[in-house]
Amino acid sequence: MTSLPEPQPGAKKLGLVIDLDTCVGCQACATNCKEWNTSGHMAPLPDHNPYSAGQEGVWFNRVHSYEAGDGEDGRTVHFPRSCLHCETPACVTVCPTGASYKRAEDGIVLVNTDICIGCQLCAWACPYGAREFDDDAGVMKKCTLCVDRIYNETIPEAQRVPACVSTCPTHARHFGDLGDPNSDVSKLVADRGGFALMPELGYKPVNRYLPPRRAPKADAGPPRDAGPLPSQIKNPLLRWVDKVLSR
Amino acid sequence: MPADGGATDKIIYSAPIGDEVKTTTCYMCACRCGIRVHLKDGRVRYIEGNPDHPVNKGVLCGKGSAGIMTQYSPARLQAPLKRVGPRGSGEYAEISWEEAIDTATGWLKHVRETDPKKLAFFTGRDQSQSLTGFWAAQFGTPNFAAHGGFCSVNMAAGGLYTIGGSFWEFGEPDWERAKYLMIFGVAEDHDSNPIKTGLGAMKGRGAKIVSVNPVRTGYSAIADEWVGIRPGTDGLFIMALIHELIRTDKVDGEFLARYTNAPWLVVRNPGGADDGLFARDADGKPLAWDRARGAIPADDATLSAVLVGDFTLPDGRAVKPVFNLMAERYLGDEYAPEAVAERCGFPAERIRRLAAEVADVAFNQTITLDIPWTDVWGRKHETMVGRPVAFHAMRGISAHSNGMHTCRALHILQLVLGAVDTPGSWRYKSPFPRPIPPGPGPAGRGSKPNTPLAGNILSFTHGPDDLLVEDDGTPIRIDHSFSWEAPLGLHGMMHSVIGHAAAGDPYKIDTLFMFMANMAWNSAMNPLETIRCLTQQDENGEYVIPHVIYSDAYFSETVPYADLILPDTTYLERWDAISILDRPIGSSHGPGDAIRQPVIKPDRNVRPFQEVLIELGARLGLPAFVKEDGSPKFKDYPDYIVNHQRMPGVGPLAGWRGEDGSKKGVGEPNQDQLQRYIDNGCFWRHNLAPEESYFKHANATYLTNAKAMGMMGQSNQIVMQIWSEPLQKFRLAAEGHGAKQPPEHLRERVRTYCDPLPFWYAPLEQQQHDTDPYPFSAVTQRPMAMYHSWGSMNAWLRQIHGSNKLYMSRERGVAEGLAQDDWVWVESRSGRVKAQLSLMEGVNRDTVWTWNAIGKRAGAWMLSPDAAESQRGFLLNHVISEWLPAQTGPRLANADPVTGQAAWYDLRVKVTKCAPGEEGTTEPFPTLLTPPDDMPEPPDILRYNAGGKAP
Amino acid sequence: MNPAPSIVFFTVASGAGYGLLFWTGVLRAFGLVPPSSGFGVVAIGIALVLIAAGLLSSTIHLGRPERAWRAFSQWRSSWLSREGVAAVVTFIPAGLFFLAVVGGMEGLALPAGLVAAAGAVVTVWCTGMIYASLPTVRQWHHPLVAPGYLLFGAFSGAVLLAMLAGFWGMATVPAAIAAVLGAAAFMLKRAYWAGVDAGPPVATMETATGLGFIGKVRTLDPPHTETNYLLREMAFRIGRVHAVRLRRIAAVAGFAVPAVLLVLALLTGGALAGVMAVAAAALATAGLLAERWLMFAEATHTVALYYGVGGQD
Ligand SMILES: Nc1nc2c(c(=O)[nH]1)N[C@H]1C(S)=C(S)[C@@H](COP(=O)(O)OP(=O)(O)OC[C@H]3O[C@@H](n4cnc5c(=O)[nH]c(N)nc54)[C@H](O)[C@@H]3O)O[C@H]1N2
Ligand SMILES: Nc1nc2c(c(=O)[nH]1)N[C@H]1C(S)=C(S)[C@@H](COP(=O)(O)OP(=O)(O)OC[C@H]3O[C@@H](n4cnc5c(=O)[nH]c(N)nc54)[C@H](O)[C@@H]3O)O[C@H]1N2
Ligand code: SF4
Ligand code: SF4
Ligand code: SF4
Ligand code: SF4
Ligand code: SF4
Ligand SMILES: [Mo]
């Protein structure tokens with residue numbers, strides 16, 4: 001129902017962990033998501049003007065590129081953005097029809113497109129832009145966390161992960177249970193200081209982003225064993241004259 | 001009234017993905033990833049990476065994941081076409097395949113019977129060069145090449161003439177073990193997914209990645225350190241690193257003495273015919289100076305080499321070890337960090353630090369693997385010791401006219417560090433290493449009617465004798481490759497074919513036959529001039545290039561300029577061999593090759609190009625394509641893949657050879673071979689044993705096995721070449737020695753640039769015109785989610801890259817009075833193009849750049865005329881000149897003087913704000929192209945849902 | 001936020017309709033408006049037409065209007081659902097009120113009118129809360145937003161009532177109320193603007209991306225080169241100069257001038273008063289349309305930050 005399920009202690013919180021230190025912005029997660037989902041649970045993901053001006057379509061995952069910091073001291077960061085499967089998301093509670101719901105069993109936030117009226121209030125309520133309106137069908141759609149993959153017994157177990165995770169060439173995307181502090185993803189988040197987006201809004205996103213590592217300051221000086229100083233070297237070639245180089 | 005969306009949401013958790021799944025090989029780019037294609041109701045439901053595939057291990061990139069939209073694009077050509085209006089008019093008539101092949105056969109037969117070299121057969125981004133090159137040789141024309149000449153021949157030549165392997169796609173960092181990676185000028189590269197996976201793994205381990213690149217995007221974005229170099233100056237930076245290493249004694253002398261020609265003795269006889277050649281013994285073996293015995297053959301296992309000193313041979317010749325010559329050059333003041341820093345765009349201190357860092361990893365953080373191995377001298381080593389610093393480089397280095405020397409310098413840096421094919425360093429991918437240079441000279445001389453050429457058309461020159469020139473120095477090839485203009489033009493010079501053909505330089509051709517190359521647009525330097533050449537008429541109103549045959553799969557910008565259009569299938573509709581004879585899928589772990597199998601049937605009247613080529617071969621009676629009785633030898637392409645033998649037992653595929661499929665590499669054809677590939681996921685891979693997996697150039701086990709598998713003709717040590725004797729031979733000719741000498745107007749050029757040791761010079765184009773008015777270097781980068789021009793007809797990819805901007809440093813833009821989204825003119829010495837500006841932080845302040853090949857000609861690709869690609873997308877190529885600035889004598893390609901590599905990134909421009917009213921659309925804006933009548937109407941909305949209603 | 005015309009019209013029309021219903025119900029109970037059934041029919045009728053037109057217009061905005069009925073199910077959590085329920089429920093007493101007035105059943109009209117008035121308050125409060133409850137849009141997530149909706153509804157209803165009552169020559173009380181409410185609305189809106197102008201952003205590009213620890217965050221490339229639903233819907237932003245002008249129109253023409261006109265009307269009386277009441281109603285409507293349009297156009301959604309829009313707001 002539109003009211004959120006009562007939080008159950010130890011309940012699963014499935015979600016993604018995205019490593020901004022490793023993502024190269026290749027867009028694979030975006031197109032693979034589109035490919036999986038356009039014939040998946042929320043099919044189709046239509047595209048308007050596919051071959052003319054103003055091409056735009058429904059995508060559950062979009063990859064931004066940012067620059068943080070100025071000049072050489074900054075960093076370029078590629079930033080995939082999809083639903084964060086928040087724990088207390090207003091996108092669910094604002095929904096007048098119950099079409100938008102959060103599952104008690106694993107925390108996935110879904111839209112039942114059979115009853116959605118397309119009022120789009122959930123899109124207003126989502127701070128992260130994760131709601132995608134299919135104005136062709138008149139209903140709201142969004143990332144399903146690949147609910148039709150992750151439990152799919154016709155897929156080999158190792159591949160029962162979201163399409164975007166399975167395809168990511170740099171392995172910058174991780175999937176798992178963030179409700180379990182001992183899961184690989186939880187440990188990764190703890191190790192790397194993973195953060196939630198705009199936690200101050202109170203949506204309690206489940207997905208986490210791992211921060212880019214700060215690049216070491218350029219010209220930080222040579223590490224270990226910098227070798228002789230220029231002044232100590234006379235003619236470097238002379239050192240080779242007596243060197244014994246056997247095979 | 002349902003209260004609960006969840007209660008009534010119909011989620012089908014365990015639906016099979018499709019009704020059927022087939023493996024094949026992706027071709028959204030040349031990386032050759034293994035894919036699993038799920039089909040539902042005869043349509044593609046999902047394409048995923050094949051987890052068992054050695055190239056991509058289950059991952060797919062942004063393009064590969066969008067394959068569905070390439071398969072169903074409305075831009076797919078529908079049927080063979082002949083041109084009925086003037087070239088470029090877009091007036092075509094649909095014809096039958098019978099007529100198409102008859103027409104082609106007619107034209108080609110005439111050429112072959114009269115003068116075969118009047119066929120210029122040039123192919124683009126294909127992966128069937130082992131077939132196309134063979135076909136061309138059978139036809140008897142020297143005028144064949146693929147796109148390598150404008151792509152990265154500098155890397156190929158630089159590598160193959162130095163270490164017997166190369167960056168490009170012929171080598172890779174030891175992704176599992178490297179502790180430090182320095183990557184030069186790579187935006188995406190052919191090894192798309194392996195690089196990404198490898199970088200991911202390195203980041204996971206906390207290894208350091210340094211990216212040397214004027215732009216900080218993509219791989220540079222995740223690098224731990226970004227070195228925002230000024231384009232064209234990498235050679236200086238690299239040589240300054242070598243300077244530092246030698247100066248501070250961070251040199252792996254033992255590696256140099258064992259594995260390189262550092263100890264070889266070079267004759268010092270200025271002005272003499274042997275100056276700069278290796279001193280050899282009576283058997284032709286190069287000599288080295290042994291501490292106790294003086295000059296002895298350099299391959300002696302007991303050599304105790306002296307690397308520095310001036311020596312005199314018993315016959316009185318003065319000699320010097322290569323190492324000495326190298327050290328002298330790089331210790332020179334011109335390569336000191338202080339001397340290069342300003343030009344490169346960062347402080348000398350940084351160069352010194354980087355040199356120290358690299359040395360630290362190489363010498364203080366070595367890796368020792370407990371793997372015993374045997375070297376070429378038969379000595380057993382208990383361990384493999386590695387220098388875990390790896391390098392990789394691509395077009396940022398190669399697409400400059402000083403790229404070959406820069407690339408060689410980078411290899412020398414690796415050698416100085418002892419970091420070639422050791423654990424943790426850069427490694428050869430099988431079938432490399434190869435002998436240096438790898439084979440005999442190129443075929444192409446004495447082309448005769450109805451006669452095949454013996455040998456490979458694209459091969460390796462060892463010296464002037466191998467050049468394809470007439471006695472007076474005139475080029476034999478239409479592209480002038482392998483002439484004095486490009487003595488190491490290993491990959492041909494596709495970028496100059498059309499210009500030379502139109503000018504009849506050195507002769508007129510009859511038929512231009514192209515495959516998979518968008519030569520009238522993004523693969524041309526100066527596309528409008530290329531189009532002019534393609535449409536140029538003589539005084540009788542005949543086209544100067546009388547016949548143009550083109551095979552494309554889509555309605556690209558080049559299609560309207562062909563007289564005969566052979567529509568190809570898509571990659572999911574055909575057989576292909578990613579052949580061991582061409583660009584296989586080997587890795588440092590061992591050799592491999594792969595196939596494509598058709599996973600869906602074409603719904604149009606199209607045929608796979610390879611099959612058409614084989615049929616043409618049979619119709620023309622090319623000896624290798626017909627039986628004794630003149631009937632076709634091969635029924636189709638699969639038949640060719642299985643049964644063609646280049647040499648006895650060696651065919652396009654190396655896996656499951658021998659009648660029962662039990663042999664690798666060499667063996668009789670196996671009629672069941674393709675099925676065996678299919679059963680294995682459409683690829684074959686042989687894993688090298690641990691003892692043969694490193695030091696392959698001097699690893700006895702590896703070399704013996706490689707020879708047995710047909711990867712090499714010999715199993716001798718491959719001695720890496722710091723001093724390049726072939727280059728010195730060209731130089732000697734320019735200095736007046738030998739029978740074959742360059743014509744006068746090229747003499748000085750050959751002498752200067754055929755330097756046996758790498759050196760740095762300003763890019764030719766920049767030397768030859770006043771660059772002051774053009775303060776910016778301008779380069780392009782490949783976007784990861786777009787493959788050259790052909791992604792724009794993909795409904796998903798064109799949403800990601802529908803137009804492109806010109807990027808400039810914010811600080812510089814502000815200083816120039818330019819603002820975000822301003823429309824600007826980008827003007828070079830040869831023209832101007834209009835673009836929209838974007839300001840950014842991570843770019844060298846003297847550089848502007850844009851994404852490559854996003855701009856489209858209006859009307860092409862079945863995009864509507866108002867599509868963003870043609871309105872706001874722009875092509876930098878419009879301001880790149882295909883010729884060097886005007887000089888006396890014949891015009892010379894804007895290319896590397898040694899290899900002929902197109903110098904795309906030597907471009908200098910100025911950027912000025914558009915006048916009011918000029919904003920909004922790019923310029924030049926050539927006329928609208930008209931698609932053939934039989935093309936489908938593109939839909940206004942796409943609702944792709946395999947299993948649902950048809951799109 | 002994109003000021004969709006259907007929504008601007010809906011909130012203005014139904015706000016005025018509910019306001020009119022409210023005042024008719026309340027003032028009629030106390031005999032402060034013309035007691036005739038003719039007046040009642042016109043006033044309640046216009047109120048119902050405005051409400052219905054507004055609601056109709058709001059369904060145009062739906063992707064699947066035929067499923068609109070489903071929106072009544074989630075009143076426990078959703079203000080939109082509550083609004084729907086309240087609107088529908090209010091139709092019952094409002095309808096009865098109308099019928100009772102038509103039929104002269106004063107015994108029914110009085111309670112029905114009061115209940116309908118209560119329903120109107122609840123409904124408009126719900127409408128306001130739809131916006132006020134969204135933390136994503138800081139200009140909406142403001143304590144004055146829901147009260148504002150009530151006040152503007154009440155004001156526009158009172159103006160309309162004053163105009164109508166004027167035709168029956170008994171406009172004093174509604175006109176006085178409207179004048180007071182106009183002044184109040186003027187002040188509330190000014191206070192609201194001052195509040196939102198001074199308020200800190202909910203988030204910045206730095207916090208939205210979590211990259212602020214590196215430095216200032218700027219967009220390099222958007223995910224897609226063309227626009228999209230989110231950008232059109234959430235990143236619409238009116239230019240400053242334009243906004244200032246519109247604010248003036250809304251506050252002065254929409255609230256202040258009508259209030260003054262009504263005071264003048266009260267003072268002058270007669271035909272001129274009628275004209276002034278009509279002018280006040282017309283101005284208030286135009287002003288409210290501007291106010292509502294601005295309510296969207298000045299609102300910034302956190303999503304826009306990901307596209308580098310509205311970062312400094
Ligand atoms: N400014 C600038 N220009 C450049 C470069 C640069 O860096 N900067 N890079 C250069 C380099 S390295 C390269 S390799 C070239 C690449 O340039 P091109 O070789 O021209 O590459 P594409 O545009 O990808 O496509 C070639 C043609 O192949 C067709 N094609 C696609 N699939 C098939 C198929 O299955 N069968 C057939 N028959 N045809 C098919 C496409 O429709 C297209 O017309 O661009 C060069 N141009
Ligand atoms: N997605 C995708 N993948 C592709 C292709 C594609 O079109 N799209 N094309 C394929 C082809 S044909 C090729 S040849 C390869 C090429 O692969 P890359 O070599 O990665 O190709 P480019 O995009 O030309 O990258 C050149 C890089 O060098 C930088 N650069 C330019 N000048 C200099 C310089 O002087 N010094 C240094 N250090 N850097 C410089 C540029 O900023 C850019 O990052 O990619 C292949 N892979
Ligand atoms: S697939 Fe991975 S690397 Fe590529 S954009 Fe997505 S997260 Fe980044
Ligand atoms: S990210 Fe947005 S759509 Fe997803 S759960 Fe959170 S609020 Fe809802
Ligand atoms: S658009 Fe659909 S899912 Fe979203 S709030 Fe409205 S009814 Fe609920
Ligand atoms: S989890 Fe699935 S639906 Fe969500 S972004 Fe990834 S691929 Fe798309
Ligand atoms: S890198 Fe991408 S496009 Fe290229 S072959 Fe692999 S999956 Fe296909
Ligand atoms: Mo290339």
# chains A, B, ... in the order shown; residues from 1 in each chain; ligands from 1
call {"tool": "interface_residues", "arguments": {"of": "chain C", "to": "chain B", "cutoff": "9 Å", "atoms": "only C-alpha atoms", "output": "mmCIF file with N, CA, C and O atoms, in the first residue's frame"}}
result
data_model
loop_
_atom_site.group_PDB
_atom_site.id
_atom_site.type_symbol
_atom_site.label_atom_id
_atom_site.label_comp_id
_atom_site.auth_asym_id
_atom_site.auth_seq_id
_atom_site.Cartn_x
_atom_site.Cartn_y
_atom_site.Cartn_z
ATOM 1 N N ARG C 70 -9.321 5.861 -9.045
ATOM 2 C CA ARG C 70 -8.422 5.125 -8.159
ATOM 3 C C ARG C 70 -7.752 6.056 -7.148
ATOM 4 O O ARG C 70 -7.196 5.610 -6.154
ATOM 5 N N SER C 73 -8.174 6.108 -3.081
ATOM 6 C CA SER C 73 -7.889 4.989 -2.187
ATOM 7 C C SER C 73 -6.845 5.279 -1.113
ATOM 8 O O SER C 73 -6.842 4.629 -0.087
ATOM 9 N N GLN C 74 -5.971 6.241 -1.347
ATOM 10 C CA GLN C 74 -4.823 6.330 -0.443
ATOM 11 C C GLN C 74 -4.895 7.517 0.505
ATOM 12 O O GLN C 74 -3.890 8.124 0.848
ATOM 13 N N ARG C 218 30.457 21.395 -11.014
ATOM 14 C CA ARG C 218 29.860 21.929 -12.240
ATOM 15 C C ARG C 218 29.523 20.768 -13.159
ATOM 16 O O ARG C 218 30.204 19.749 -13.139
ATOM 17 N N THR C 219 28.529 20.969 -13.994
ATOM 18 C CA THR C 219 28.237 19.899 -14.939
ATOM 19 C C THR C 219 29.249 19.959 -16.081
ATOM 20 O O THR C 219 29.629 21.024 -16.535
ATOM 21 N N LEU C 220 29.635 18.771 -16.518
ATOM 22 C CA LEU C 220 30.497 18.691 -17.693
ATOM 23 C C LEU C 220 29.635 18.288 -18.891
ATOM 24 O O LEU C 220 29.547 19.001 -19.872
ATOM 25 N N PRO C 222 25.677 16.502 -19.760
ATOM 26 C CA PRO C 222 24.446 15.902 -19.237
ATOM 27 C C PRO C 222 24.357 14.454 -19.748
ATOM 28 O O PRO C 222 25.071 14.085 -20.684
ATOM 29 N N PRO C 223 23.483 13.664 -19.141
ATOM 30 C CA PRO C 223 23.398 12.268 -19.579
ATOM 31 C C PRO C 223 22.966 12.159 -21.036
ATOM 32 O O PRO C 223 23.371 11.251 -21.735
ATOM 33 N N HIS C 224 22.131 13.063 -21.459
ATOM 34 C CA HIS C 224 21.621 13.025 -22.826
ATOM 35 C C HIS C 224 21.686 14.438 -23.380
ATOM 36 O O HIS C 224 21.436 15.392 -22.655
ATOM 37 N N THR C 225 21.987 14.547 -24.672
ATOM 38 C CA THR C 225 22.200 15.897 -25.190
ATOM 39 C C THR C 225 20.906 16.673 -25.398
ATOM 40 O O THR C 225 20.928 17.896 -25.432
ATOM 41 N N GLU C 226 19.781 15.986 -25.548
ATOM 42 C CA GLU C 226 18.522 16.722 -25.719
ATOM 43 C C GLU C 226 17.816 16.811 -24.366
ATOM 44 O O GLU C 226 18.280 16.260 -23.373
#
call {"tool": "select_by_dssp", "arguments": {"residues": "range 184-393 of chain B", "states": "helix (DSSP H, G or I)", "output": "JSON, numbers by chain"}}
result
{"B": [192, 193, 194, 195, 196, 197, 198, 199, 200, 201, 202, 203, 204, 205, 218, 219, 220, 221, 222, 234, 235, 236, 237, 238, 239, 240, 241, 242, 243, 244, 245, 246, 247, 253, 254, 255, 256, 257, 258, 259, 322, 323, 324, 325, 326, 327, 328, 329, 330, 331, 333, 334, 335, 337, 338, 339, 340, 341, 342, 343, 344, 348, 349, 350, 351, 352, 353, 354, 355, 356, 357, 358, 359, 360, 361, 362, 363, 364]}
call {"tool": "residues_near_ligand", "arguments": {"ligand": "ligand 8", "cutoff": "10 Å", "atoms": "only C-alpha atoms and all ligand atoms", "output": "PyMOL selection string"}}
result
chain B and resi 30+124-125+147-153+168+189-190+394-395+399+523+782+788
call {"tool": "write_last_selection", "arguments": {"atoms": "N, CA and C atoms", "output": "PDB file, in the first residue's frame"}}
result
ATOM      1  N   ALA B  30      35.241  -2.634 -32.581  1.00  0.00           N
ATOM      2  CA  ALA B  30      36.207  -3.658 -32.960  1.00  0.00           C
ATOM      3  C   ALA B  30      36.788  -4.411 -31.772  1.00  0.00           C
ATOM      4  N   GLY B 124      37.462  -0.285 -44.476  1.00  0.00           N
ATOM      5  CA  GLY B 124      37.514   0.545 -43.279  1.00  0.00           C
ATOM      6  C   GLY B 124      37.596  -0.264 -42.008  1.00  0.00           C
ATOM      7  N   ARG B 125      36.579  -0.143 -41.214  1.00  0.00           N
ATOM      8  CA  ARG B 125      36.630  -0.705 -39.885  1.00  0.00           C
ATOM      9  C   ARG B 125      36.244  -2.182 -39.856  1.00  0.00           C
ATOM     10  N   HIS B 147      41.911   0.641 -42.892  1.00  0.00           N
ATOM     11  CA  HIS B 147      41.955   2.002 -42.362  1.00  0.00           C
ATOM     12  C   HIS B 147      43.170   2.290 -41.484  1.00  0.00           C
ATOM     13  N   GLY B 148      44.022   1.292 -41.279  1.00  0.00           N
ATOM     14  CA  GLY B 148      45.107   1.458 -40.301  1.00  0.00           C
ATOM     15  C   GLY B 148      45.994   2.670 -40.528  1.00  0.00           C
ATOM     16  N   GLY B 149      46.133   3.073 -41.779  1.00  0.00           N
ATOM     17  CA  GLY B 149      47.027   4.179 -42.078  1.00  0.00           C
ATOM     18  C   GLY B 149      46.538   5.492 -41.509  1.00  0.00           C
ATOM     19  N   PHE B 150      45.208   5.647 -41.449  1.00  0.00           N
ATOM     20  CA  PHE B 150      44.778   6.896 -40.812  1.00  0.00           C
ATOM     21  C   PHE B 150      44.424   6.674 -39.361  1.00  0.00           C
ATOM     22  N   CYS B 151      44.523   5.434 -38.955  1.00  0.00           N
ATOM     23  CA  CYS B 151      44.136   5.122 -37.583  1.00  0.00           C
ATOM     24  C   CYS B 151      45.350   5.190 -36.677  1.00  0.00           C
ATOM     25  N   SER B 152      46.155   4.155 -36.651  1.00  0.00           N
ATOM     26  CA  SER B 152      47.231   4.135 -35.669  1.00  0.00           C
ATOM     27  C   SER B 152      48.475   3.418 -36.133  1.00  0.00           C
ATOM     28  N   VAL B 153      48.805   3.537 -37.406  1.00  0.00           N
ATOM     29  CA  VAL B 153      49.985   2.832 -37.887  1.00  0.00           C
ATOM     30  C   VAL B 153      51.248   3.273 -37.153  1.00  0.00           C
ATOM     31  N   TRP B 168      48.348  -0.535 -29.290  1.00  0.00           N
ATOM     32  CA  TRP B 168      47.157  -0.732 -30.124  1.00  0.00           C
ATOM     33  C   TRP B 168      46.365  -1.886 -29.495  1.00  0.00           C
ATOM     34  N   ASP B 189      39.806   3.316 -27.152  1.00  0.00           N
ATOM     35  CA  ASP B 189      40.647   2.292 -27.756  1.00  0.00           C
ATOM     36  C   ASP B 189      39.875   1.046 -28.192  1.00  0.00           C
ATOM     37  N   HIS B 190      40.578   0.199 -28.923  1.00  0.00           N
ATOM     38  CA  HIS B 190      39.952  -1.015 -29.437  1.00  0.00           C
ATOM     39  C   HIS B 190      39.694  -2.030 -28.335  1.00  0.00           C
ATOM     40  N   MET B 394      47.767   5.164 -27.119  1.00  0.00           N
ATOM     41  CA  MET B 394      47.085   5.007 -28.387  1.00  0.00           C
ATOM     42  C   MET B 394      47.085   6.315 -29.142  1.00  0.00           C
ATOM     43  N   ARG B 395      45.960   6.685 -29.707  1.00  0.00           N
ATOM     44  CA  ARG B 395      45.983   7.702 -30.749  1.00  0.00           C
ATOM     45  C   ARG B 395      46.437   9.080 -30.296  1.00  0.00           C
ATOM     46  N   ALA B 399      48.345   9.824 -33.550  1.00  0.00           N
ATOM     47  CA  ALA B 399      47.720  10.658 -34.587  1.00  0.00           C
ATOM     48  C   ALA B 399      48.448  11.989 -34.775  1.00  0.00           C
ATOM     49  N   SER B 523      35.603   9.866 -41.891  1.00  0.00           N
ATOM     50  CA  SER B 523      36.934   9.269 -41.969  1.00  0.00           C
ATOM     51  C   SER B 523      37.798  10.010 -42.979  1.00  0.00           C
ATOM     52  N   ARG B 782      37.137   9.863 -28.820  1.00  0.00           N
ATOM     53  CA  ARG B 782      36.031   8.952 -29.040  1.00  0.00           C
ATOM     54  C   ARG B 782      35.122   8.945 -27.832  1.00  0.00           C
ATOM     55  N   HIS B 788      32.305   5.900 -33.947  1.00  0.00           N
ATOM     56  CA  HIS B 788      32.450   6.732 -35.139  1.00  0.00           C
ATOM     57  C   HIS B 788      31.076   7.231 -35.558  1.00  0.00           C
TER      58      HIS B 788
END
call {"tool": "residues_near_ligand", "arguments": {"ligand": "ligand 1", "cutoff": "8 Å", "atoms": "only C-alpha atoms and all ligand atoms", "output": "PyMOL selection string"}}
result
chain B and resi 27-28+123-126+147-148+150-152+395+399+515-519+521-525+551-559+566-571+608-609+779-782+787-791+852-853+875-877+880+904-905
call {"tool": "residues_near_ligand", "arguments": {"ligand": "ligand 4", "cutoff": "9 Å", "atoms": "only C-alpha atoms and all ligand atoms", "output": "PyMOL selection string"}}
result
chain A and resi 82-92+100+102+108-110+122-123+125-132+142-143+203-207
call {"tool": "write_last_selection", "arguments": {"atoms": "C-alpha atoms", "output": "PDB file, in the first residue's frame"}}
result
ATOM      1  CA  SER A  82      18.759   5.799 -10.828  1.00  0.00           C
ATOM      2  CA  CYS A  83      16.221   5.027  -8.133  1.00  0.00           C
ATOM      3  CA  LEU A  84      17.787   4.758  -4.695  1.00  0.00           C
ATOM      4  CA  HIS A  85      14.979   2.583  -3.308  1.00  0.00           C
ATOM      5  CA  CYS A  86      14.655   4.879  -0.338  1.00  0.00           C
ATOM      6  CA  GLU A  87      13.479   3.574   3.001  1.00  0.00           C
ATOM      7  CA  THR A  88      11.052   6.411   3.630  1.00  0.00           C
ATOM      8  CA  PRO A  89      10.347   7.781   0.204  1.00  0.00           C
ATOM      9  CA  ALA A  90       7.654  10.366  -0.304  1.00  0.00           C
ATOM     10  CA  CYS A  91       7.285   9.120  -3.878  1.00  0.00           C
ATOM     11  CA  VAL A  92       5.330   6.280  -2.337  1.00  0.00           C
ATOM     12  CA  SER A 100       3.562   3.378  -6.131  1.00  0.00           C
ATOM     13  CA  LYS A 102       7.518  -0.195  -1.414  1.00  0.00           C
ATOM     14  CA  ILE A 108      12.213  -2.420  -3.700  1.00  0.00           C
ATOM     15  CA  VAL A 109      10.109   0.561  -4.721  1.00  0.00           C
ATOM     16  CA  LEU A 110       7.874  -0.203  -7.668  1.00  0.00           C
ATOM     17  CA  CYS A 122       5.544  10.930  -7.255  1.00  0.00           C
ATOM     18  CA  ALA A 123       7.956  12.517  -9.722  1.00  0.00           C
ATOM     19  CA  ALA A 125       8.162  13.985  -4.632  1.00  0.00           C
ATOM     20  CA  CYS A 126      11.330  12.230  -5.698  1.00  0.00           C
ATOM     21  CA  PRO A 127      14.334  14.434  -4.959  1.00  0.00           C
ATOM     22  CA  TYR A 128      16.606  12.363  -7.170  1.00  0.00           C
ATOM     23  CA  GLY A 129      14.824  12.419 -10.482  1.00  0.00           C
ATOM     24  CA  ALA A 130      14.368   8.691 -10.523  1.00  0.00           C
ATOM     25  CA  ARG A 131      10.807   8.703 -11.779  1.00  0.00           C
ATOM     26  CA  GLU A 132      10.318   8.417 -15.496  1.00  0.00           C
ATOM     27  CA  LYS A 142      11.037   3.635 -12.831  1.00  0.00           C
ATOM     28  CA  CYS A 143      13.971   1.430 -11.999  1.00  0.00           C
ATOM     29  CA  TYR A 203      14.187   9.804   2.399  1.00  0.00           C
ATOM     30  CA  LYS A 204      16.837   7.431   3.704  1.00  0.00           C
ATOM     31  CA  PRO A 205      18.120   6.194   0.374  1.00  0.00           C
ATOM     32  CA  VAL A 206      19.264   2.605   0.370  1.00  0.00           C
ATOM     33  CA  ASN A 207      21.705   2.993  -2.524  1.00  0.00           C
TER      34      ASN A 207
END
call {"tool": "residues_near_ligand", "arguments": {"ligand": "ligand 7", "cutoff": "10 Å", "atoms": "only C-alpha atoms and all ligand atoms", "output": "PyMOL selection string"}}
result
(chain A and resi 26+28+167+169) or (chain B and resi 25-35+47-50+55-56+58-67+188-196+784-787)
